[in-house]
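What follows is final.cif (mmCIF, C-alpha atoms).
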```cif
data_upload
loop_
_atom_site.group_PDB
_atom_site.id
_atom_site.type_symbol
_atom_site.label_atom_id
_atom_site.label_comp_id
_atom_site.auth_asym_id
_atom_site.auth_seq_id
_atom_site.Cartn_x
_atom_site.Cartn_y
_atom_site.Cartn_z
ATOM 1 C CA MET A 15 85.759 -178.511 110.261
ATOM 2 C CA THR A 16 87.134 -175.069 109.467
ATOM 3 C CA VAL A 17 89.514 -173.139 111.684
ATOM 4 C CA LEU A 18 89.506 -169.370 111.321
ATOM 5 C CA GLN A 19 92.795 -167.899 110.149
ATOM 6 C CA TRP A 20 93.870 -164.276 110.410
ATOM 7 C CA ASP A 21 96.242 -162.186 108.291
ATOM 8 C CA ARG A 22 96.642 -164.703 105.485
ATOM 9 C CA VAL A 23 98.898 -163.558 102.623
ATOM 10 C CA GLY A 24 96.908 -161.552 100.085
ATOM 11 C CA GLN A 25 93.915 -161.174 102.426
ATOM 12 C CA ARG A 26 94.801 -157.839 104.033
ATOM 13 C CA PHE A 27 92.534 -155.614 101.964
ATOM 14 C CA PHE A 28 92.168 -151.850 102.070
ATOM 15 C CA GLN A 29 90.749 -148.935 100.089
ATOM 16 C CA THR A 30 92.581 -145.713 99.394
ATOM 17 C CA GLY A 31 92.919 -142.805 97.026
ATOM 18 C CA ILE A 32 90.574 -140.997 94.677
ATOM 19 C CA ASP A 33 91.028 -140.276 90.993
ATOM 20 C CA ARG A 34 89.238 -139.963 87.653
ATOM 21 C CA GLY A 35 86.632 -137.454 88.732
ATOM 22 C CA VAL A 36 84.046 -136.698 86.032
ATOM 23 C CA LEU A 37 81.216 -134.141 86.129
ATOM 24 C CA TYR A 38 78.137 -135.067 84.068
ATOM 25 C CA LEU A 39 75.757 -132.296 83.054
ATOM 26 C CA HIS A 40 72.101 -132.954 82.302
ATOM 27 C CA ASP A 41 72.599 -131.810 78.705
ATOM 28 C CA GLY A 42 74.733 -134.931 78.184
ATOM 29 C CA LYS A 43 78.132 -133.245 78.440
ATOM 30 C CA ALA A 44 80.870 -134.945 80.478
ATOM 31 C CA VAL A 45 83.770 -132.910 81.890
ATOM 32 C CA VAL A 46 86.993 -134.123 83.512
ATOM 33 C CA TRP A 47 87.303 -132.944 87.126
ATOM 34 C CA ASN A 48 90.951 -132.409 88.002
ATOM 35 C CA GLY A 49 91.879 -131.400 91.533
ATOM 36 C CA LEU A 50 89.470 -133.544 93.580
ATOM 37 C CA THR A 51 90.946 -134.089 97.034
ATOM 38 C CA ALA A 52 88.182 -135.875 98.963
ATOM 39 C CA VAL A 53 84.607 -137.153 98.697
ATOM 40 C CA GLU A 54 82.652 -137.925 101.847
ATOM 41 C CA ASP A 55 79.697 -140.265 101.420
ATOM 42 C CA GLY A 56 77.121 -140.801 104.130
ATOM 43 C CA SER A 57 73.472 -140.640 105.039
ATOM 44 C CA LEU A 58 71.257 -139.100 107.667
ATOM 45 C CA GLN A 59 70.016 -142.409 109.079
ATOM 46 C CA GLU A 60 68.353 -142.213 112.460
ATOM 47 C CA SER A 61 67.931 -144.997 114.958
ATOM 48 C CA GLN A 62 64.419 -145.668 116.233
ATOM 49 C CA SER A 63 64.022 -147.566 119.511
ATOM 50 C CA TYR A 64 60.855 -149.417 120.509
ATOM 51 C CA PHE A 65 59.992 -150.255 124.127
ATOM 52 C CA LEU A 66 57.462 -152.525 125.781
ATOM 53 C CA ASP A 67 56.902 -152.250 129.514
ATOM 54 C CA GLY A 68 60.062 -150.194 129.808
ATOM 55 C CA VAL A 69 62.255 -152.776 128.032
ATOM 56 C CA LYS A 70 63.730 -152.179 124.601
ATOM 57 C CA TYR A 71 62.634 -154.935 122.214
ATOM 58 C CA LEU A 72 63.591 -153.482 118.817
ATOM 59 C CA GLU A 73 66.205 -151.145 117.344
ATOM 60 C CA LYS A 74 65.502 -150.032 113.780
ATOM 61 C CA LEU A 75 67.364 -147.758 111.404
ATOM 62 C CA ALA A 76 64.938 -145.507 109.570
ATOM 63 C CA PRO A 77 65.548 -144.965 105.819
ATOM 64 C CA ALA A 78 67.542 -141.805 105.290
ATOM 65 C CA ASP A 79 68.493 -139.373 102.552
ATOM 66 C CA PHE A 80 71.941 -139.138 101.035
ATOM 67 C CA SER A 81 74.351 -136.624 102.535
ATOM 68 C CA GLY A 82 77.915 -136.050 101.406
ATOM 69 C CA LYS A 83 80.857 -133.714 101.145
ATOM 70 C CA LEU A 84 83.071 -132.769 98.226
ATOM 71 C CA ARG A 85 86.503 -131.113 98.435
ATOM 72 C CA ALA A 86 88.794 -129.909 95.662
ATOM 73 C CA PHE A 87 91.637 -127.512 94.928
ATOM 74 C CA THR A 88 90.075 -126.710 91.559
ATOM 75 C CA TYR A 89 86.954 -127.596 89.605
ATOM 76 C CA PRO A 90 85.599 -127.413 86.031
ATOM 77 C CA THR A 91 84.334 -124.016 84.928
ATOM 78 C CA GLU A 92 80.987 -125.682 84.161
ATOM 79 C CA PHE A 93 80.562 -126.314 87.888
ATOM 80 C CA ASP A 94 80.162 -122.595 88.627
ATOM 81 C CA ALA A 95 76.676 -122.481 87.112
ATOM 82 C CA LEU A 96 75.687 -125.599 89.071
ATOM 83 C CA VAL A 97 76.458 -123.946 92.416
ATOM 84 C CA GLY A 98 74.812 -120.635 91.550
ATOM 85 C CA ILE A 99 77.605 -118.615 89.906
ATOM 86 C CA THR A 100 76.041 -117.577 86.612
ATOM 87 C CA PRO A 101 77.944 -115.967 83.710
ATOM 88 C CA VAL A 102 76.228 -112.749 82.590
ATOM 89 C CA ALA A 103 78.757 -111.408 80.082
ATOM 90 C CA PRO A 104 82.331 -112.396 79.161
ATOM 91 C CA GLY A 105 84.215 -112.094 82.447
ATOM 92 C CA LEU A 106 81.135 -111.063 84.501
ATOM 93 C CA PHE A 107 79.476 -113.456 86.966
ATOM 94 C CA TYR A 108 76.513 -113.130 89.319
ATOM 95 C CA HIS A 109 76.737 -115.136 92.522
ATOM 96 C CA ASP A 110 73.958 -116.565 94.747
ATOM 97 C CA GLN A 111 71.843 -117.712 91.803
ATOM 98 C CA PRO A 112 69.662 -120.870 91.921
ATOM 99 C CA PRO A 113 71.793 -124.051 91.874
ATOM 100 C CA LYS A 114 71.319 -126.876 89.376
ATOM 101 C CA SER A 115 71.589 -130.635 89.789
ATOM 102 C CA PHE A 116 74.319 -132.765 88.224
ATOM 103 C CA ASN A 117 75.768 -136.271 88.147
ATOM 104 C CA LEU A 118 79.241 -137.287 89.307
ATOM 105 C CA ALA A 119 81.681 -140.171 88.956
ATOM 106 C CA TYR A 120 85.007 -140.893 90.578
ATOM 107 C CA ARG A 121 87.254 -143.865 91.234
ATOM 108 C CA THR A 122 88.912 -145.184 94.419
ATOM 109 C CA ARG A 123 91.782 -147.660 94.574
ATOM 110 C CA LEU A 124 91.589 -151.152 96.108
ATOM 111 C CA GLY A 125 94.682 -152.793 97.547
ATOM 112 C CA ASN A 126 96.095 -155.647 99.584
ATOM 113 C CA ASP A 127 99.401 -156.704 101.127
ATOM 114 C CA VAL A 128 100.601 -158.365 97.885
ATOM 115 C CA ASP A 129 99.502 -156.099 95.026
ATOM 116 C CA GLY A 130 99.507 -152.775 96.858
ATOM 117 C CA THR A 131 97.079 -150.333 95.207
ATOM 118 C CA ASP A 132 97.198 -152.293 91.925
ATOM 119 C CA LEU A 133 94.678 -154.876 93.141
ATOM 120 C CA GLY A 134 91.755 -153.036 91.556
ATOM 121 C CA TYR A 135 89.393 -150.116 91.987
ATOM 122 C CA LYS A 136 85.812 -149.082 92.591
ATOM 123 C CA ILE A 137 83.888 -146.763 90.296
ATOM 124 C CA HIS A 138 81.380 -144.608 92.188
ATOM 125 C CA LEU A 139 78.425 -143.092 90.320
ATOM 126 C CA PHE A 140 76.206 -140.392 91.850
ATOM 127 C CA TYR A 141 72.909 -139.170 90.406
ATOM 128 C CA ASN A 142 70.896 -135.940 90.776
ATOM 129 C CA LEU A 143 73.250 -134.204 93.206
ATOM 130 C CA VAL A 144 72.949 -130.600 94.388
ATOM 131 C CA ALA A 145 75.967 -128.821 95.904
ATOM 132 C CA ASN A 146 75.910 -126.104 98.551
ATOM 133 C CA THR A 147 79.204 -124.210 98.765
ATOM 134 C CA ASP A 148 81.058 -124.058 102.080
ATOM 135 C CA PRO A 149 82.455 -120.689 103.188
ATOM 136 C CA TYR A 150 86.058 -120.249 102.084
ATOM 137 C CA MET A 151 88.803 -117.781 102.953
ATOM 138 C CA PHE A 152 91.489 -116.157 100.830
ATOM 139 C CA GLU A 153 94.526 -115.519 103.034
ATOM 140 C CA ALA A 154 97.519 -113.290 102.385
ATOM 141 C CA ILE A 155 100.019 -114.768 99.925
ATOM 142 C CA ARG A 156 102.913 -116.356 101.756
ATOM 143 C CA ASP A 157 105.833 -118.705 101.181
ATOM 144 C CA PRO A 158 105.256 -121.616 100.888
ATOM 145 C CA LEU A 159 102.109 -120.978 98.848
ATOM 146 C CA LYS A 160 98.964 -122.552 100.299
ATOM 147 C CA PRO A 161 96.213 -123.262 97.738
ATOM 148 C CA VAL A 162 92.607 -122.677 98.749
ATOM 149 C CA GLU A 163 90.635 -125.909 99.175
ATOM 150 C CA PHE A 164 86.997 -125.535 98.203
ATOM 151 C CA GLY A 165 84.234 -127.565 99.830
ATOM 152 C CA TRP A 166 80.604 -128.338 99.060
ATOM 153 C CA ASN A 167 77.861 -130.097 100.993
ATOM 154 C CA LEU A 168 76.058 -132.595 98.789
ATOM 155 C CA THR A 169 72.448 -133.712 98.801
ATOM 156 C CA GLY A 170 70.574 -135.612 96.137
ATOM 157 C CA THR A 171 67.226 -136.780 94.808
ATOM 158 C CA PRO A 172 67.454 -140.543 94.301
ATOM 159 C CA PRO A 173 66.193 -141.893 90.967
ATOM 160 C CA ILE A 174 64.033 -144.996 90.844
ATOM 161 C CA ALA A 175 65.901 -148.326 90.961
ATOM 162 C CA LYS A 176 63.691 -151.214 89.888
ATOM 163 C CA GLY A 177 63.221 -153.678 92.734
ATOM 164 C CA PHE A 178 65.236 -151.628 95.214
ATOM 165 C CA ARG A 179 64.907 -148.547 97.359
ATOM 166 C CA PRO A 180 65.757 -145.430 95.301
ATOM 167 C CA THR A 181 69.392 -144.420 95.718
ATOM 168 C CA VAL A 182 71.755 -141.627 94.703
ATOM 169 C CA HIS A 183 74.919 -143.738 94.855
ATOM 170 C CA ILE A 184 75.962 -146.983 93.148
ATOM 171 C CA SER A 185 79.452 -148.497 92.855
ATOM 172 C CA ILE A 186 81.184 -151.007 90.588
ATOM 173 C CA ASP A 187 83.998 -153.245 91.918
ATOM 174 C CA SER A 188 86.580 -154.062 89.231
ATOM 175 C CA THR A 189 87.734 -157.162 91.154
ATOM 176 C CA GLN A 190 84.275 -158.759 91.034
ATOM 177 C CA ILE A 191 83.067 -157.922 87.536
ATOM 178 C CA ASP A 192 83.547 -159.668 84.208
ATOM 179 C CA GLU A 193 86.328 -157.962 82.219
ATOM 180 C CA ASP A 194 84.186 -157.514 79.102
ATOM 181 C CA THR A 195 81.362 -155.926 81.094
ATOM 182 C CA LEU A 196 83.816 -153.629 82.874
ATOM 183 C CA GLU A 197 85.379 -152.595 79.560
ATOM 184 C CA THR A 198 81.941 -151.849 78.122
ATOM 185 C CA ILE A 199 80.873 -149.740 81.109
ATOM 186 C CA GLU A 200 84.155 -147.819 81.209
ATOM 187 C CA GLY A 201 83.923 -147.188 77.486
ATOM 188 C CA ILE A 202 80.557 -145.564 78.112
ATOM 189 C CA ILE A 203 81.329 -143.445 81.179
ATOM 190 C CA TRP A 204 84.936 -142.486 80.297
ATOM 191 C CA GLY A 205 84.465 -142.413 76.513
ATOM 192 C CA THR A 206 86.404 -144.091 73.679
ATOM 193 C CA PRO A 207 88.288 -142.777 70.627
ATOM 194 C CA GLU A 208 85.039 -143.207 68.668
ATOM 195 C CA THR A 209 82.363 -142.221 71.226
ATOM 196 C CA ASP A 210 81.806 -139.410 73.720
ATOM 197 C CA PRO A 211 81.389 -140.271 77.416
ATOM 198 C CA TRP A 212 77.920 -140.266 78.952
ATOM 199 C CA LEU A 213 76.310 -141.565 82.125
ATOM 200 C CA PRO A 214 73.691 -144.328 81.830
ATOM 201 C CA THR A 215 70.820 -144.519 84.290
ATOM 202 C CA ILE A 216 70.997 -146.888 87.242
ATOM 203 C CA ASP A 217 68.714 -149.368 85.500
ATOM 204 C CA GLU A 218 70.792 -149.173 82.300
ATOM 205 C CA ILE A 219 73.935 -149.953 84.314
ATOM 206 C CA ARG A 220 72.171 -152.956 85.824
ATOM 207 C CA ASP A 221 71.061 -154.118 82.374
ATOM 208 C CA LEU A 222 74.676 -154.053 81.197
ATOM 209 C CA PHE A 223 75.544 -156.576 83.917
ATOM 210 C CA GLN A 224 72.808 -158.896 82.671
ATOM 211 C CA THR A 225 73.211 -158.551 78.904
ATOM 212 C CA LEU A 226 76.856 -159.356 78.187
ATOM 213 C CA GLY A 227 77.227 -160.092 74.476
ATOM 214 C CA SER A 228 74.038 -158.250 73.509
ATOM 215 C CA LEU A 229 73.291 -155.294 71.288
ATOM 216 C CA ILE A 230 71.478 -152.693 73.393
ATOM 217 C CA ILE A 231 69.519 -149.895 71.723
ATOM 218 C CA ILE A 232 68.654 -146.839 73.840
ATOM 219 C CA ASP A 233 66.043 -144.358 72.624
ATOM 220 C CA ASN A 234 67.004 -140.928 73.990
ATOM 221 C CA GLY A 235 63.456 -139.650 73.480
ATOM 222 C CA ASP A 236 64.597 -136.653 71.433
ATOM 223 C CA GLY A 237 64.809 -138.246 67.994
ATOM 224 C CA THR A 238 68.282 -139.675 68.644
ATOM 225 C CA TRP A 239 69.409 -143.103 69.815
ATOM 226 C CA GLN A 240 72.491 -144.937 71.044
ATOM 227 C CA ALA A 241 73.721 -148.452 70.317
ATOM 228 C CA ILE A 242 75.908 -150.370 72.790
ATOM 229 C CA ASP A 243 77.714 -153.477 71.521
ATOM 230 C CA THR A 244 78.604 -155.238 74.788
ATOM 231 C CA GLY A 245 80.425 -158.093 73.059
ATOM 232 C CA ASN A 246 81.892 -156.362 69.981
ATOM 233 C CA GLU A 247 79.793 -158.643 67.769
ATOM 234 C CA TYR A 248 77.400 -156.245 66.028
ATOM 235 C CA ILE A 249 78.921 -152.829 65.296
ATOM 236 C CA THR A 250 81.794 -152.283 62.857
ATOM 237 C CA MET A 251 83.295 -148.852 62.138
ATOM 238 C CA VAL A 252 83.425 -148.337 58.359
ATOM 239 C CA SER A 253 85.100 -144.932 58.646
ATOM 240 C CA PRO A 254 85.672 -142.389 61.451
ATOM 241 C CA THR A 255 82.104 -141.127 60.919
ATOM 242 C CA GLU A 256 80.278 -144.219 59.604
ATOM 243 C CA PHE A 257 79.427 -147.570 61.147
ATOM 244 C CA ARG A 258 77.588 -150.748 60.226
ATOM 245 C CA ILE A 259 75.269 -152.782 62.496
ATOM 246 C CA ALA A 260 75.019 -156.465 61.559
ATOM 247 C CA ASN A 261 72.856 -159.350 62.825
ATOM 248 C CA ALA A 262 70.390 -157.036 64.590
ATOM 249 C CA ASP A 263 66.621 -157.446 64.848
ATOM 250 C CA ALA A 264 65.393 -154.889 62.309
ATOM 251 C CA THR A 265 61.926 -154.102 60.966
ATOM 252 C CA TYR A 266 61.898 -152.205 57.689
ATOM 253 C CA LEU A 267 59.201 -149.529 57.434
ATOM 254 C CA ASP A 268 60.087 -148.250 53.954
ATOM 255 C CA ALA A 269 63.109 -147.966 51.662
ATOM 256 C CA THR A 270 64.980 -145.632 54.031
ATOM 257 C CA THR A 271 63.340 -146.143 57.435
ATOM 258 C CA TYR A 272 63.474 -149.074 59.844
ATOM 259 C CA THR A 273 63.435 -149.862 63.566
ATOM 260 C CA ILE A 274 66.120 -151.742 65.480
ATOM 261 C CA SER A 275 65.510 -153.491 68.780
ATOM 262 C CA THR A 276 67.746 -154.908 71.482
ATOM 263 C CA THR A 277 68.942 -158.368 70.509
ATOM 264 C CA HIS A 278 71.119 -161.242 71.629
ATOM 265 C CA PRO A 279 73.644 -163.267 69.588
ATOM 266 C CA ASP A 280 72.449 -166.573 68.160
ATOM 267 C CA PRO A 281 73.223 -169.492 70.473
ATOM 268 C CA GLU A 282 76.051 -171.693 69.239
#
```
Starting from the coordinates I provided, produce the structure as structure tokens.
Amino acid sequence: MTVLQWDRVGQRFFQTGIDRGVLYLHDGKAVVWNGLTAVEDGSLQESQSYFLDGVKYLEKLAPADFSGKLRAFTYPTEFDALVGITPVAPGLFYHDQPPKSFNLAYRTRLGNDVDGTDLGYKIHLFYNLVANTDPYMFEAIRDPLKPVEFGWNLTGTPPIAKGFRPTVHISIDSTQIDEDTLETIEGIIWGTPETDPWLPTIDEIRDLFQTLGSLIIIDNGDGTWQAIDTGNEYITMVSPTEFRIANADATYLDATTYTISTTHPDPE
């Protein structure tokens, strides 16, 4: 038999803090977001009650759209155009222009009573967000100086997630993920000394969890492609601008053209 025990050492878990904000534009550019102070994540779920002969027999939460809040003391200059502040000429901006959608990532700390906030972290990824700016006020300068905190209401259009209800928000828990998979994902979304950061789709993130040790080829649909070596077994950098792919499934079309497909390492 098992007796429940409370407040065991190392079992007092909590979440706190926010860092590593990154703004992803739809042209593929990733921009560090310094100055994030808070992100509120929620939904507009509504409860539906069903009655029979005056007696409630079912309480059901109806599917709801994402709703959130973003606060920051400062933000990337690229964010202006996303919230409707459009540059017209050097130093000239028109406000109240149509907003544009974007993607967002940030990290929150995980802690417990033993490791403090060094226990781990969660990476939060948001897709197809649109931000609506809150009213803000510039007050008279005083001592001590009080920075203006900007705020935005967030909504989003959820992309398709195979086998699941479409969602705007996914998260990755560093305490529950294989270290190699985590390193691969962070190398993609934060960037590496050799590669620029970019945000995979939800399904591509899921594939990375299921294809540890594989070579993954992604066709960008614009004549370019990306190769992800999840186990460091296929791609070798020959120089800062050249690389070699070994042991891949390749079909040669002519002397200078061939196709490469996703592959797995040979079983030992």
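Using all atoms listed in the file for every distance, the candidate list A:Tyr120, A:Tyr64, A:Phe178, A:Trp239 yields A:Tyr120 as the residue closest to A:Lys136.
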Atom CA of A:Glu92 to atom CA of A:His109, distance in Å rounded to a single decimal: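 According to the coordinates, atom CA of A:Glu92 and atom CA of A:His109 are separated by 14.1 Å.
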Test item: the PyMOL selection byres ((chain A and resi 164-171) around 12) resolved as a count of residues only: 55
Straight-line distance linking atom CA of A:Gly31 with atom CA of A:Arg121, stated in Å to one decimal: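 Distance between the two atoms: 8.2 Å.
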Computed interatomic separation between atom CA of A:His138 and atom CA of A:Glu200 (Å):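 The value is 11.8 Å.
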Centre, x/y/z edge lengths, axis-aligned box for stretch 78-90 of chain A with 6 Å per side, as JSON:
```
{"center_x": 79.6, "center_y": -134.3, "center_z": 95.7, "size_x": 36.1, "size_y": 27.1, "size_z": 31.3}
```
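Closest approach to A:Phe223 among A:Thr206, A:Ile191, A:Ala241, A:Pro112: A:Ile191, based on all atoms listed in the file.
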Residues in the PyMOL selection byres ((chain A and resi 27) around 12), expressed as a PyMOL selection string: chain A and resi 21-26+28-30+123-135+189
Evaluate the PyMOL selection byres ((chain A and resi 249) around 6) and report residues as a count of residues only: 4
Could the residues of stretch 30-61 of chain A that have an atom at most 9 Å from stretch 208-221 of chain A be listed as a tab-separated table, each with its closest atom pair and the distance in Å to one decimal, counting only C-alpha atoms and ordered by chain and ascending residue number?
```
residue	atom	partner	partner_atom	distance
A:Tyr38	CA	A:Leu213	CA	7.0
A:Gly42	CA	A:Trp212	CA	6.3
A:Lys43	CA	A:Trp212	CA	7.0
A:Ala44	CA	A:Pro211	CA	6.2
A:Val45	CA	A:Pro211	CA	8.9
```
Pick from A:Gly35, A:Pro101, A:Pro158, A:Pro254, whichever lies nearest to A:Ile203 using all atoms listed in the file: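 Of all the options, A:Gly35 lies closest to A:Ile203.
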Shortest interatomic distance to A:Glu60 - which of A:Ala175, A:Val46, A:Leu75, A:Ala262, counting only C-alpha atoms: A:Leu75
